[in-house]
Each structure stands twice: as C-alpha cells, then as structure tokens.
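Working notes, structure below.
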Amino acid sequence: MANEKVNVIPEEERQYKLVRCTINGKKRQTMVDVRASLTDMLRNDYSLTSVKKGCEVGECGACTVLIDGEAFDSCIYLAIWADGKEIVTLEGLAGPDGELSDIQKAFIEESAIQCGFCSPGFMVSAKEILDSGVLYTDDELKKLLSGHLCRCTGYENIFRAVKKTMYARLGKKLEE
C-alpha cells in the first residue's frame with residue numbers, strides 16, 4: 001500500500017466554473033473547481049466555518065445549509081449547483097446588528113449546545129422547520145430533526161429548544 005500512487009489531477013487539467021450566488025444576503029461570485037462541494041466553497045472561499053466537515057457523505061447533518069429556503073447537506077451538494085441560488089448558513093441567522101435569532105437564543109437557554117459541532121446544522125434545519133409556520137407534533141418534530149447526528153447526545157435539549165421556539169413563533173403556550 002505504501003508504494004501506491006495517489007491519483008492527483010494536476011492544476012492545469014482541472015476544470016473551473018464561475019459561481020454567482022447570494023450567501024447570507026450578500027451577492028457573491030467565485031471560481032470553483034467543478035468537483036468541489038458547497039461545503040468546501042463556503043469554508044475555503046468565504047471562511048464560513050459554521051459549515052462543519054463531518055462525515056462528508058450526507059449522513060451527519062453538520063454541514064447543513066439552506067438553499068433557497070430548503071435544508072441540504074452541503075457536503076454532497078456541488079458548489080457549481082449553487083449558481084443563482086440563495087444560501088444561508090448559521091452566520092446568516094443573526095440579525096443585521098449581530099443579534100442572535102430566536103432559535104440561537106433558545107439553544108443557549110435550553111443548554112442545547114455542548115461541543116457545538118452539530119449545533120449549526122441543527123439550527124439551520126430548525127430555521128426551515130420553524131419558517132413553515134406549522135405546529136408539529138413531538139413525533140413529527142423529532143422526525144424532521146432526525147437527519148442530524150449529535151455526538152454528545154444532547155438531543156433532548158435540542159428538541160426542547162426547537163419546540164420552544166416553534167410554540168413562541170406561533171403564539172402558543174408551551175405546557176411543560
């Protein structure tokens with residue numbers, strides 16, 4: 001195995017494409033390798049480190065971003081597919097003056113952030129869920145959040161934070 005050659009494509013043979021999109025409300029454009037993931041573009045070209053590199057196969061949810069309002073695992077979404085799209089990361093959830101969003105505040109209040117690795121993806125997915133304006137049952141809400149892996153087993157606190165925010169947004173009283 002030690003003598004095997006790694007197949008690396010020389011720089012001059014790589015293909016690049018210009019990607020124009022909106023990221024967290026700002027129009028952006030950059031040249032990307034056509035094989036690059038959206039995760040790589042967001043982290044490497046825009047320093048959006050809330051987009052975590054976890055499994056890199058779409059299983060853990062650490063890299064979740066919103067694309068035109070829908071949650072996607074950015075590790076299995078090619079950067080070139082983002083052309084013309086609106087991308088939102090955790091950094092885009094904060095208000096114009098940097099104030100925390102309601103879901104970010106709820107995560108803090110409910111101690112839903114432990115190591116913090118999964119938190120950005122959970123919060124971005126929660127934004128999609130909460131923006132629907134639907135009052136989900138506990139089972140429905142758990143299923144909607146099931147595409148994420150929390151390595152610290154903070155699921156109950158995360159669930160409570162999302163549920164609390166859902167009830168607050170809908171003007172309903174949450175019975176504890």
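For the structure tokens, the naming scheme is as follows: chains receive sequential letters (A, B, ...) according to their order of presentation, residues are indexed from 1 within each chain, and ligands are indexed from 1 in presentation order.
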
Write down as a count of residues only the residues belonging to chain A that are assigned strand (DSSP E) by DSSP computed on the backbone. 27

Pick out the residues sitting within 12 Å of Val51 in chain A, and hand them over as a PyMOL selection string; count only C-alpha atoms, and ignore anything fewer than 2 positions along from it in its own chain. chain A and resi 37-44+46-49+53-54+56+61-66+72-75+87-92+116-124

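Rounded to one decimal, CA of Gly154 in chain A and CA of Ile113 in chain A lie 7.6 Å from each other.
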
Neighbour list for Thr153 in chain A as a ChimeraX atom specification, cut-off 10 Å, only C-alpha atoms, skip fewer than 5 positions in-chain: /A:112,114,158

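Nearest residue to Val32 in chain A, choosing from A:Glu128, A:Glu109, A:Asp45, A:Glu175 and counting only C-alpha atoms: A:Asp45.
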
Give me, as a VMD selection string, all polymer residues having an atom no more than 8 Å from range 169-171 of chain A, counting only C-alpha atoms and skipping those fewer than 2 positions away in the same chain. chain A and resid 130 133 135 165 to 167 173

What does the file look like for those residues with N, CA and C atoms, as a short mmCIF file (atom, residue, chain, number, x, y, z; two decimals), in the first residue's frame?
```cif
data_model
loop_
_atom_site.label_atom_id
_atom_site.label_comp_id
_atom_site.auth_asym_id
_atom_site.auth_seq_id
_atom_site.Cartn_x
_atom_site.Cartn_y
_atom_site.Cartn_z
N LEU A 130 -39.13 25.86 11.35
CA LEU A 130 -39.89 26.92 12.01
C LEU A 130 -40.50 27.91 11.02
N GLY A 133 -44.22 27.60 9.68
CA GLY A 133 -45.39 28.07 10.41
C GLY A 133 -46.34 26.98 10.85
N LEU A 135 -47.48 23.87 13.37
CA LEU A 135 -47.33 23.35 14.74
C LEU A 135 -47.21 21.83 14.63
N THR A 165 -39.18 27.32 20.52
CA THR A 165 -39.20 28.38 19.52
C THR A 165 -40.41 28.25 18.61
N MET A 166 -40.77 27.02 18.25
CA MET A 166 -41.95 26.80 17.41
C MET A 166 -43.20 27.35 18.11
N TYR A 167 -43.38 27.01 19.38
CA TYR A 167 -44.54 27.49 20.12
C TYR A 167 -44.53 29.01 20.24
N LYS A 173 -48.91 28.71 23.93
CA LYS A 173 -48.30 28.45 25.24
C LYS A 173 -47.79 27.00 25.26
#
```

Expected answer as a ChimeraX atom specification: helix (DSSP H, G or I) residues in range 12-170 of chain A: /A:12-13,38-46,74-76,79-82,90-92,102-109,119-131,138-144,155-169

Write out as a tab-separated table (two decimals) with C-alpha atoms, in the first residue's frame the residues lying within 8 Å of Asn157 in chain A, counting only C-alpha atoms and excluding same-chain residues fewer than 5 positions away.
```tsv
chain	number	residue	atom	x	y	z
A	107	PHE	CA	-30.34	26.79	22.04
A	110	GLU	CA	-32.03	25.19	26.82
A	111	SER	CA	-28.32	24.24	27.06
A	112	ALA	CA	-28.64	22.65	23.62
```

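If you look at CA of Val19 in chain A and CA of Asp68 in chain A, they are 15.3 Å away from each other.
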
Pick from A:Ser50, A:Leu141, A:Asp97, A:Glu59 nearest to Ile76 in chain A, counting only C-alpha atoms: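 The answer is A:Glu59, which sits nearest to Ile76 in chain A.
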
Could you please determine the separation between CA of Lys172 in chain A and CA of Lys105 in chain A in Å, to one decimal place?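 Pair CA of Lys172 in chain A / CA of Lys105 in chain A returns 18.0 Å.
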
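For the set A:Leu18, A:Leu149, A:Ala106, A:Cys115, the residue with the smallest atom-to-atom gap to Ala82 in chain A is A:Leu18, counting only C-alpha atoms.
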